[in-house]
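Listing of structure09.cif; format and content: mmCIF, C-alpha atoms.
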data_final
loop_
_atom_site.label_atom_id
_atom_site.label_comp_id
_atom_site.auth_asym_id
_atom_site.auth_seq_id
_atom_site.Cartn_x
_atom_site.Cartn_y
_atom_site.Cartn_z
CA LYS A 6 117.72 89.65 82.53
CA GLN A 7 114.32 88.29 81.56
CA PHE A 8 111.31 90.36 82.61
CA ILE A 9 108.93 87.35 82.46
CA ASN A 10 109.40 83.76 81.27
CA CYS A 11 107.71 84.36 77.92
CA ASP A 12 109.02 87.82 77.12
CA LYS A 13 110.51 86.60 73.81
CA GLN A 14 107.30 84.80 72.73
CA LEU A 15 104.56 87.10 74.06
CA GLY A 16 104.53 89.10 70.82
CA ASN A 17 103.40 85.95 68.93
CA VAL A 18 100.25 85.42 71.03
CA ASP A 19 96.94 86.34 69.41
CA SER A 20 95.85 89.77 70.68
CA PHE A 21 92.23 88.61 71.17
CA ARG A 22 93.44 85.85 73.50
CA ILE A 23 95.54 88.35 75.47
CA ILE A 24 92.62 90.75 75.90
CA GLN A 25 90.33 87.93 77.05
CA TRP A 26 92.92 86.83 79.63
CA PHE A 27 93.42 90.42 80.78
CA GLU A 28 89.66 90.71 81.37
CA LYS A 29 89.73 87.57 83.53
CA LEU A 30 92.73 88.86 85.47
CA TYR A 31 91.08 92.21 86.03
CA VAL A 32 87.91 90.60 87.43
CA GLU A 33 90.13 88.37 89.63
CA ARG A 34 91.78 91.55 90.96
CA LEU A 35 88.35 93.09 91.67
CA GLU A 36 87.31 89.92 93.53
CA GLN A 37 90.38 90.23 95.76
CA ARG A 38 89.62 93.88 96.50
CA ALA A 39 86.00 92.97 97.22
CA VAL A 40 87.05 90.97 100.30
CA ARG A 41 88.40 94.09 102.01
CA ILE A 42 85.40 96.22 100.97
CA LYS A 43 82.97 93.67 102.42
CA GLU A 44 84.89 93.75 105.73
CA LEU A 45 84.57 97.56 105.79
CA LEU A 46 80.85 97.29 105.07
CA GLU A 47 80.40 94.99 108.04
CA GLN A 48 82.30 97.41 110.28
CA GLN A 49 80.15 100.31 109.05
CA GLN A 50 76.82 98.44 109.36
CA ASN A 51 76.27 98.57 105.58
CA ASP A 52 76.61 102.35 105.36
CA TRP A 53 77.83 102.59 101.75
CA GLU A 54 78.51 106.32 101.99
CA ALA A 55 80.76 105.75 105.02
CA VAL A 56 82.71 102.99 103.25
CA PHE A 57 83.01 105.12 100.13
CA PHE A 58 84.33 108.01 102.23
CA GLN A 59 87.00 105.73 103.74
CA LEU A 60 88.13 104.33 100.40
CA LEU A 61 88.04 107.74 98.75
CA CYS A 62 90.12 109.22 101.57
CA ARG A 63 92.65 106.43 101.14
CA SER A 64 92.91 107.22 97.42
CA PHE A 65 93.22 110.95 98.11
CA GLY A 66 96.23 110.15 100.29
CA THR A 67 98.01 108.64 97.25
CA LYS A 68 100.67 106.02 98.01
CA VAL A 69 102.61 108.07 100.59
CA ASN A 70 99.67 109.04 102.82
CA ALA A 71 97.14 106.29 102.04
CA ASP A 72 97.21 104.84 105.57
CA ALA A 73 97.18 108.27 107.21
CA PHE A 74 94.19 109.42 105.15
CA GLU A 75 92.27 106.21 105.81
CA ASN A 76 93.04 106.51 109.52
CA LEU A 77 91.77 110.11 109.39
CA SER A 78 88.51 108.97 107.75
CA ARG A 79 88.01 106.40 110.52
CA SER A 80 88.50 109.10 113.17
CA MET A 81 85.24 110.83 112.14
CA GLU A 82 81.71 109.43 112.28
CA GLN A 83 80.02 109.65 108.90
CA GLN A 84 77.16 111.54 110.50
CA ALA A 85 79.59 114.25 111.62
CA VAL A 86 81.06 114.43 108.10
CA ARG A 87 77.57 114.87 106.63
CA LYS A 88 76.70 117.66 109.05
CA LEU A 89 80.03 119.45 108.70
CA ALA A 90 79.81 119.21 104.89
CA LYS A 91 76.96 121.76 104.91
CA ASP A 92 79.72 124.35 105.30
CA ALA A 93 82.89 123.67 103.24
CA PHE A 94 85.09 125.72 105.60
CA GLN A 95 83.86 123.77 108.65
CA LEU A 96 84.61 120.43 107.00
CA GLU A 97 88.01 121.63 105.81
CA ALA A 98 88.86 122.79 109.36
CA ALA A 99 87.73 119.44 110.81
CA LEU A 100 89.76 117.41 108.30
CA LEU A 101 92.92 119.50 108.70
CA GLY A 102 92.51 119.49 112.49
CA GLN A 103 91.97 115.73 112.67
CA ALA A 104 95.04 115.30 110.48
CA GLY A 105 97.11 117.13 113.10
CA LEU A 106 97.87 120.03 110.73
CA LEU A 107 96.48 122.79 112.97
CA GLU A 108 98.64 122.29 116.04
CA GLU A 109 101.45 124.85 115.77
CA PRO A 110 100.98 128.59 116.36
CA ARG A 111 101.26 130.49 113.06
CA GLN A 112 100.95 134.08 111.92
CA ASP A 113 98.35 133.43 109.24
CA ARG A 114 94.79 134.71 109.35
CA TYR A 115 93.24 131.77 107.42
CA TYR A 116 95.07 129.33 109.69
CA GLU A 117 93.82 131.09 112.82
CA GLN A 118 90.23 130.93 111.55
CA LEU A 119 90.63 127.21 110.84
CA VAL A 120 91.97 126.61 114.36
CA LEU A 121 88.92 128.32 115.89
CA GLU A 122 86.51 126.44 113.62
CA PHE A 123 88.18 123.12 114.43
CA ALA A 124 87.98 123.75 118.19
CA PHE A 125 84.23 124.22 117.79
CA ALA A 126 83.77 121.07 115.66
CA LYS A 127 85.98 119.01 117.97
CA ALA A 128 83.87 119.89 121.00
CA LYS A 129 80.55 119.52 119.20
CA TYR A 130 81.26 116.10 117.64
CA ASN A 131 83.63 114.81 120.33
CA LEU A 132 86.38 114.21 117.75
CA GLN A 133 89.44 112.15 118.73
CA PRO A 134 92.49 113.02 116.60
CA ALA A 135 93.77 110.59 113.98
CA SER A 136 96.88 108.68 115.05
CA ILE A 137 98.99 108.47 111.87
CA PRO A 138 100.91 111.66 111.03
CA MET A 139 100.75 113.14 107.52
CA LYS A 140 103.91 113.12 105.39
CA PHE A 141 104.98 115.94 103.07
CA PHE A 142 108.48 114.65 102.28
CA ARG A 143 109.10 113.66 98.63
CA LEU A 144 105.57 114.64 97.57
CA ARG A 145 104.77 116.91 94.68
CA PRO A 146 103.07 120.04 96.09
CA ALA A 147 99.81 119.11 94.29
CA ASN A 148 99.67 116.00 96.50
CA TYR A 149 100.34 117.80 99.80
CA PRO A 150 97.80 116.69 102.44
CA THR A 151 96.78 120.33 103.01
CA VAL A 152 95.65 120.73 99.39
CA ARG A 153 94.09 117.25 99.11
CA LEU A 154 92.05 117.67 102.32
CA SER A 155 90.72 121.03 101.13
CA GLN A 156 89.66 119.44 97.82
CA LEU A 157 87.99 116.61 99.72
CA ALA A 158 86.07 119.13 101.85
CA MET A 159 84.89 120.98 98.73
CA LEU A 160 83.84 117.72 97.11
CA TYR A 161 81.68 116.64 100.06
CA HIS A 162 80.28 120.13 100.50
CA ARG A 163 79.03 119.97 96.93
CA SER A 164 77.89 116.33 96.99
CA PRO A 165 77.21 115.05 100.54
CA GLN A 166 75.66 111.87 99.07
CA LEU A 167 78.57 111.35 96.73
CA PHE A 168 78.40 107.55 96.49
CA GLY A 169 74.78 107.69 95.35
CA GLU A 170 75.82 110.06 92.56
CA VAL A 171 78.81 107.92 91.63
CA LEU A 172 76.50 104.89 91.24
CA LEU A 173 74.40 106.81 88.70
CA ALA A 174 77.39 107.97 86.64
CA LYS A 175 77.37 106.11 83.33
CA THR A 176 80.59 107.31 81.73
CA LYS A 177 84.06 108.51 82.69
CA GLU A 178 82.95 112.03 81.67
CA ASP A 179 80.03 111.84 84.16
CA ILE A 180 82.53 111.01 86.91
CA TYR A 181 84.83 113.84 85.82
CA LYS A 182 81.91 116.25 86.23
CA LEU A 183 81.18 114.98 89.75
CA PHE A 184 84.81 115.48 90.75
CA ASP A 185 85.23 118.85 89.05
CA VAL A 186 86.19 120.70 92.25
CA LYS A 187 89.06 122.84 93.47
CA ALA A 188 90.60 123.51 96.86
CA ALA A 189 89.51 126.62 98.81
CA SER A 190 90.81 129.85 97.23
CA TYR A 191 93.41 130.26 100.02
CA TRP A 192 95.26 127.35 98.40
CA ASP A 193 95.45 129.10 95.02
CA ASP A 194 98.67 130.72 96.22
CA HIS A 195 99.65 128.32 99.02
CA HIS A 196 100.65 124.65 99.34
CA VAL A 197 101.34 124.93 103.07
CA PHE A 198 100.36 127.57 105.62
CA ASP A 199 102.10 130.98 105.69
CA LYS A 200 104.22 130.38 102.55
CA GLN A 201 102.92 132.04 99.40
CA THR A 202 103.51 130.57 95.94
CA GLU A 203 102.50 131.73 92.47
CA SER A 204 98.74 131.67 92.06
CA ARG A 205 97.10 128.64 90.45
CA GLU A 206 93.75 127.00 91.19
CA LYS A 207 94.21 123.58 92.80
CA LEU A 208 91.80 121.52 90.71
CA LEU A 209 91.45 117.75 90.71
CA THR A 210 93.20 116.72 87.48
CA ALA A 211 91.89 114.09 85.04
CA ASP A 212 94.89 111.87 85.87
CA PHE A 213 94.03 112.01 89.58
CA ILE A 214 90.34 111.28 88.96
CA ASP A 215 91.39 108.32 86.77
CA LEU A 216 93.22 106.88 89.79
CA LEU A 217 90.08 107.35 91.91
CA ILE A 218 88.07 105.46 89.27
CA ILE A 219 90.61 102.61 89.24
CA ASN A 220 91.24 102.26 92.97
CA CYS A 221 87.98 103.29 94.54
CA ILE A 222 84.97 103.83 92.28
CA VAL A 223 85.00 100.70 90.12
CA PRO A 224 85.89 98.28 92.96
CA LEU A 225 83.10 99.69 95.13
CA ARG A 226 80.57 99.60 92.30
CA PHE A 227 81.61 96.01 91.61
CA VAL A 228 80.85 94.99 95.21
CA HIS A 229 77.63 97.01 95.29
CA ALA A 230 76.35 95.23 92.16
CA GLN A 231 77.38 91.85 93.58
CA LEU A 232 75.55 92.40 96.86
CA MET A 233 72.48 93.73 95.06
CA GLY A 234 72.45 90.54 92.97
CA LYS A 235 73.14 92.36 89.69
CA ASP A 236 75.71 91.48 87.05
CA ARG A 237 77.42 94.72 86.12
CA VAL A 238 80.78 93.26 85.06
CA GLU A 239 80.42 94.13 81.35
CA GLU A 240 79.39 97.68 82.21
CA LEU A 241 82.38 98.13 84.54
CA LEU A 242 84.76 96.62 81.97
CA GLU A 243 83.51 99.15 79.43
CA LEU A 244 84.05 101.99 81.91
CA ILE A 245 87.57 100.92 82.96
CA GLN A 246 88.59 100.52 79.31
CA THR A 247 87.96 104.25 78.76
CA VAL A 248 90.44 105.15 81.53
CA ALA A 249 94.14 105.68 80.77
CA PRO A 250 96.64 103.12 82.13
CA GLU A 251 98.64 103.95 85.25
CA LYS A 252 102.43 104.26 85.13
CA ASN A 253 104.88 102.10 87.04
CA THR A 254 107.76 99.72 86.37
CA ILE A 255 105.63 96.58 85.92
CA ILE A 256 103.35 98.31 83.42
CA SER A 257 106.35 99.80 81.56
CA GLY A 258 107.91 96.32 81.37
CA PHE A 259 104.78 94.83 79.80
CA LYS A 260 104.39 97.78 77.41
CA LYS A 261 107.62 96.68 75.72
CA LEU A 262 106.03 93.28 75.04
CA THR A 263 102.34 93.92 74.34
CA PRO A 264 100.00 96.94 74.00
CA ILE A 265 98.73 98.34 77.35
CA ASN A 266 96.20 100.90 76.14
CA ASP A 267 93.85 101.29 79.09
CA ALA A 268 93.45 100.82 82.85
CA MET A 269 91.88 97.38 82.45
CA ALA A 270 95.10 96.13 80.80
CA SER A 271 97.39 97.92 83.28
CA GLN A 272 95.46 96.50 86.25
CA ALA A 273 95.54 93.05 84.64
CA VAL A 274 99.33 93.02 84.33
CA LEU A 275 99.64 94.22 87.95
CA GLN A 276 97.72 91.06 88.82
CA LEU A 277 99.62 88.87 86.34
CA LYS A 278 103.25 89.63 87.23
CA PRO A 279 103.32 88.96 91.01
CA ARG A 280 100.63 86.26 91.06
CA TYR A 281 101.59 84.24 87.99
CA CYS A 282 104.84 85.24 86.24
CA ASP A 283 106.99 85.68 89.36
CA LEU A 284 105.69 82.37 90.79
CA ASN A 285 106.27 80.50 87.47
CA LYS A 286 102.57 79.60 87.28
CA CYS A 287 102.72 79.43 83.48
CA LEU A 288 100.39 76.41 83.45
CA GLN A 289 97.68 78.48 85.16
CA CYS A 290 98.11 81.40 82.75
CA ASP A 291 96.08 81.48 79.51
CA ILE A 292 99.07 83.00 77.67
CA GLY A 293 101.44 80.37 79.04
CA ILE A 294 99.06 77.56 78.09
CA SER A 295 98.64 78.83 74.52
CA LEU A 296 102.43 79.10 74.05
CA LEU A 297 102.98 75.60 75.43
CA GLN A 298 100.26 74.19 73.15
CA GLU A 299 102.09 75.58 70.14
#
structure tokens encoding of this file:
Amino acid sequence: KQFINCDKQLGNVDSFRIIQWFEKLYVERLEQRAVRIKELLEQQQNDWEAVFFQLLCRSFGTKVNADAFENLSRSMEQQAVRKLAKDAFQLEAALLGQAGLLEEPRQDRYYEQLVLEFAFAKAKYNLQPASIPMKFFRLRPANYPTVRLSQLAMLYHRSPQLFGEVLLAKTKEDIYKLFDVKAASYWDDHHVFDKQTESREKLLTADFIDLLIINCIVPLRFVHAQLMGKDRVEELLELIQTVAPEKNTIISGFKKLTPINDAMASQAVLQLKPRYCDLNKCLQCDIGISLLQE
């Protein structure tokens, strides 16, 4: 079965032409994401930090818990997040509590402390619980909501004005430094409450930060530049081309036909396959046009 219409001929297309088309596709993908970000900005009265927090939460939820994490971020006013972030434990308690993860009685001292801390935060900031439950099923322990929410709390404790710092980051390495955090030490030997595991610090890995750059940081910086009337496309293309490509079936399919060496290329083919190839829009595709001209 053919993967795309031109899978036999794609190897003959000039690599410079492919890269140019991939750049166009990637910017097209950013433009589509920009629509949603601008809606969020309107809802948040142009509070960039609040919008960044929402998008970052969504990314922290990975595919399985993206909606639940975004819903959780919407359940807390940004002002409350900023105040709670002064104490990492307070913010962790608030996030875990809002996520509905502090509701059952447990024989665990750390858990009991979190429950008390959350009760205080809930009363003080009039918090209404998030409505989408967190899933643990089929997740790798590193992606458990418990661990991810603790990492998020540590991140905001260290950098309460995180979006401002992200805007100033020039390189991928700068971003890695900003996100060089680990979950609270309780999670070194836990993934869930009252079950001990072998001890290992729960750091944000480079692969995970790469996904944050792809799905959250670059799209938001793209919109920020647009609304500030600045052209930062070249700069963002340079940044995304230093990030490793993601892995999924579409990207693997294209890798058999043409080099996919970075996240710009992988994002481009995720735009190309459903929006062009699957709809037989070969006449609107630069690769299709060049093959037909030959």
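Atom pair atom CA of A:Asp12 / atom CA of A:Tyr31 has a distance of 20.5 Å (rounded to one decimal).
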Since I can't run it myself right now, could you work out what the PyMOL selection byres ((chain A and resi 84-94) around 7) selects here and report it as a ChimeraX atom specification? /A:81-83,95-98,130,158-159,161-162,165
For the file shown, report as a ChimeraX atom specification the outcome of the PyMOL selection byres ((chain A and resi 191-198) around 8) at residue level. /A:113,115-116,146-147,149,151-152,188-190,199-207
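Using the PyMOL selection byres ((chain A and resi 66) around 10) on the file at hand returns these residues: Leu60, Leu61, Cys62, Arg63, Ser64, Phe65, Thr67, Lys68, Val69, Asn70, Ala71, Asp72, Ala73, Phe74, Glu75, Met139, Lys140, Asn148, Tyr149, Pro150, Arg153 and Leu154 of chain A.
Among the candidates A:Cys282, A:Leu277, A:Val120, A:Ile218, the one nearest to A:Ile9 when counting all atoms listed in the file is A:Cys282.
Taking atom CA of A:Ser271 as the reference point, atom CA of A:Leu217 is found at 14.7 Å.
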Atom pair atom CA of A:Val248 / atom CA of A:Asn17: separation (Å): 26.4 Å
Nearest to A:Glu44 by atom-to-atom distance, counting only C-alpha atoms, from A:Val228, A:Ser295, A:Val223, A:Leu157: A:Val228
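Proximity to stretch 231-233 of chain A at 12 Å, evaluated using all atoms listed in the file and with sequence-adjacent residues fewer than 4 positions away removed, yields A:Leu35, A:Glu36, A:Ala39, A:Val40, A:Ile42, A:Lys43, A:Leu46, A:Asn51, A:Trp53, A:Pro224, A:Leu225, A:Arg226, A:Phe227, A:Arg237, A:Val238.
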Between A:Ala230, A:Val186, A:Ile255, A:Leu160, single out the one closest to A:Thr210, counting only C-alpha atoms. A:Val186
May I ask you to restore N, CA, C and O atoms in stretch 265-286 of chain A and write the result as a PDB file, in the coordinates of the input?
ATOM      1  N   ILE A 265      99.478  98.066  76.099  1.00  0.00           N
ATOM      2  CA  ILE A 265      98.730  98.340  77.350  1.00  0.00           C
ATOM      3  C   ILE A 265      98.066  99.688  77.118  1.00  0.00           C
ATOM      4  O   ILE A 265      98.666 100.736  77.361  1.00  0.00           O
ATOM      5  N   ASN A 266      96.843  99.660  76.616  1.00  0.00           N
ATOM      6  CA  ASN A 266      96.200 100.900  76.140  1.00  0.00           C
ATOM      7  C   ASN A 266      95.224 101.515  77.128  1.00  0.00           C
ATOM      8  O   ASN A 266      94.757 102.627  76.918  1.00  0.00           O
ATOM      9  N   ASP A 267      94.867 100.762  78.174  1.00  0.00           N
ATOM     10  CA  ASP A 267      93.850 101.290  79.090  1.00  0.00           C
ATOM     11  C   ASP A 267      94.065 100.726  80.488  1.00  0.00           C
ATOM     12  O   ASP A 267      94.942  99.884  80.704  1.00  0.00           O
ATOM     13  N   ALA A 268      93.264 101.209  81.446  1.00  0.00           N
ATOM     14  CA  ALA A 268      93.450 100.820  82.850  1.00  0.00           C
ATOM     15  C   ALA A 268      93.067  99.362  83.102  1.00  0.00           C
ATOM     16  O   ALA A 268      93.567  98.755  84.050  1.00  0.00           O
ATOM     17  N   MET A 269      92.201  98.796  82.275  1.00  0.00           N
ATOM     18  CA  MET A 269      91.880  97.380  82.450  1.00  0.00           C
ATOM     19  C   MET A 269      93.149  96.551  82.201  1.00  0.00           C
ATOM     20  O   MET A 269      93.506  95.671  82.998  1.00  0.00           O
ATOM     21  N   ALA A 270      93.867  96.868  81.130  1.00  0.00           N
ATOM     22  CA  ALA A 270      95.100  96.130  80.800  1.00  0.00           C
ATOM     23  C   ALA A 270      96.186  96.374  81.844  1.00  0.00           C
ATOM     24  O   ALA A 270      96.878  95.442  82.270  1.00  0.00           O
ATOM     25  N   SER A 271      96.321  97.633  82.294  1.00  0.00           N
ATOM     26  CA  SER A 271      97.390  97.920  83.280  1.00  0.00           C
ATOM     27  C   SER A 271      97.095  97.220  84.612  1.00  0.00           C
ATOM     28  O   SER A 271      97.991  96.688  85.263  1.00  0.00           O
ATOM     29  N   GLN A 272      95.822  97.207  85.019  1.00  0.00           N
ATOM     30  CA  GLN A 272      95.460  96.500  86.250  1.00  0.00           C
ATOM     31  C   GLN A 272      95.655  94.986  86.085  1.00  0.00           C
ATOM     32  O   GLN A 272      96.074  94.306  87.022  1.00  0.00           O
ATOM     33  N   ALA A 273      95.365  94.485  84.899  1.00  0.00           N
ATOM     34  CA  ALA A 273      95.540  93.050  84.640  1.00  0.00           C
ATOM     35  C   ALA A 273      97.003  92.629  84.787  1.00  0.00           C
ATOM     36  O   ALA A 273      97.297  91.612  85.416  1.00  0.00           O
ATOM     37  N   VAL A 274      97.915  93.426  84.235  1.00  0.00           N
ATOM     38  CA  VAL A 274      99.330  93.020  84.330  1.00  0.00           C
ATOM     39  C   VAL A 274      99.865  93.192  85.764  1.00  0.00           C
ATOM     40  O   VAL A 274     100.784  92.479  86.171  1.00  0.00           O
ATOM     41  N   LEU A 275      99.254  94.103  86.531  1.00  0.00           N
ATOM     42  CA  LEU A 275      99.640  94.220  87.950  1.00  0.00           C
ATOM     43  C   LEU A 275      99.191  92.991  88.740  1.00  0.00           C
ATOM     44  O   LEU A 275      99.745  92.675  89.787  1.00  0.00           O
ATOM     45  N   GLN A 276      98.177  92.322  88.230  1.00  0.00           N
ATOM     46  CA  GLN A 276      97.720  91.060  88.820  1.00  0.00           C
ATOM     47  C   GLN A 276      98.602  89.905  88.310  1.00  0.00           C
ATOM     48  O   GLN A 276      98.978  89.008  89.058  1.00  0.00           O
ATOM     49  N   LEU A 277      98.912  89.960  87.020  1.00  0.00           N
ATOM     50  CA  LEU A 277      99.620  88.870  86.340  1.00  0.00           C
ATOM     51  C   LEU A 277     101.049  88.677  86.846  1.00  0.00           C
ATOM     52  O   LEU A 277     101.459  87.558  87.171  1.00  0.00           O
ATOM     53  N   LYS A 278     101.804  89.760  86.928  1.00  0.00           N
ATOM     54  CA  LYS A 278     103.250  89.630  87.230  1.00  0.00           C
ATOM     55  C   LYS A 278     103.509  89.003  88.605  1.00  0.00           C
ATOM     56  O   LYS A 278     104.185  87.978  88.689  1.00  0.00           O
ATOM     57  N   PRO A 279     102.974  89.564  89.707  1.00  0.00           N
ATOM     58  CA  PRO A 279     103.320  88.960  91.010  1.00  0.00           C
ATOM     59  C   PRO A 279     102.603  87.637  91.290  1.00  0.00           C
ATOM     60  O   PRO A 279     103.120  86.800  92.031  1.00  0.00           O
ATOM     61  N   ARG A 280     101.423  87.436  90.682  1.00  0.00           N
ATOM     62  CA  ARG A 280     100.630  86.260  91.060  1.00  0.00           C
ATOM     63  C   ARG A 280     100.834  85.066  90.125  1.00  0.00           C
ATOM     64  O   ARG A 280     100.446  83.948  90.449  1.00  0.00           O
ATOM     65  N   TYR A 281     101.370  85.333  88.949  1.00  0.00           N
ATOM     66  CA  TYR A 281     101.590  84.240  87.990  1.00  0.00           C
ATOM     67  C   TYR A 281     103.055  84.197  87.540  1.00  0.00           C
ATOM     68  O   TYR A 281     103.776  83.247  87.839  1.00  0.00           O
ATOM     69  N   CYS A 282     103.496  85.256  86.847  1.00  0.00           N
ATOM     70  CA  CYS A 282     104.840  85.240  86.240  1.00  0.00           C
ATOM     71  C   CYS A 282     105.930  85.002  87.283  1.00  0.00           C
ATOM     72  O   CYS A 282     106.776  84.118  87.123  1.00  0.00           O
ATOM     73  N   ASP A 283     105.912  85.786  88.362  1.00  0.00           N
ATOM     74  CA  ASP A 283     106.990  85.680  89.360  1.00  0.00           C
ATOM     75  C   ASP A 283     106.971  84.343  90.087  1.00  0.00           C
ATOM     76  O   ASP A 283     107.984  83.925  90.646  1.00  0.00           O
ATOM     77  N   LEU A 284     105.816  83.668  90.097  1.00  0.00           N
ATOM     78  CA  LEU A 284     105.690  82.370  90.790  1.00  0.00           C
ATOM     79  C   LEU A 284     105.799  81.197  89.796  1.00  0.00           C
ATOM     80  O   LEU A 284     105.546  80.044  90.156  1.00  0.00           O
ATOM     81  N   ASN A 285     106.154  81.523  88.531  1.00  0.00           N
ATOM     82  CA  ASN A 285     106.270  80.500  87.470  1.00  0.00           C
ATOM     83  C   ASN A 285     104.999  79.671  87.293  1.00  0.00           C
ATOM     84  O   ASN A 285     105.045  78.475  87.007  1.00  0.00           O
ATOM     85  N   LYS A 286     103.840  80.328  87.450  1.00  0.00           N
ATOM     86  CA  LYS A 286     102.570  79.600  87.280  1.00  0.00           C
ATOM     87  C   LYS A 286     102.112  79.676  85.826  1.00  0.00           C
ATOM     88  O   LYS A 286     100.969  80.036  85.535  1.00  0.00           O
TER      89      LYS A 286
END
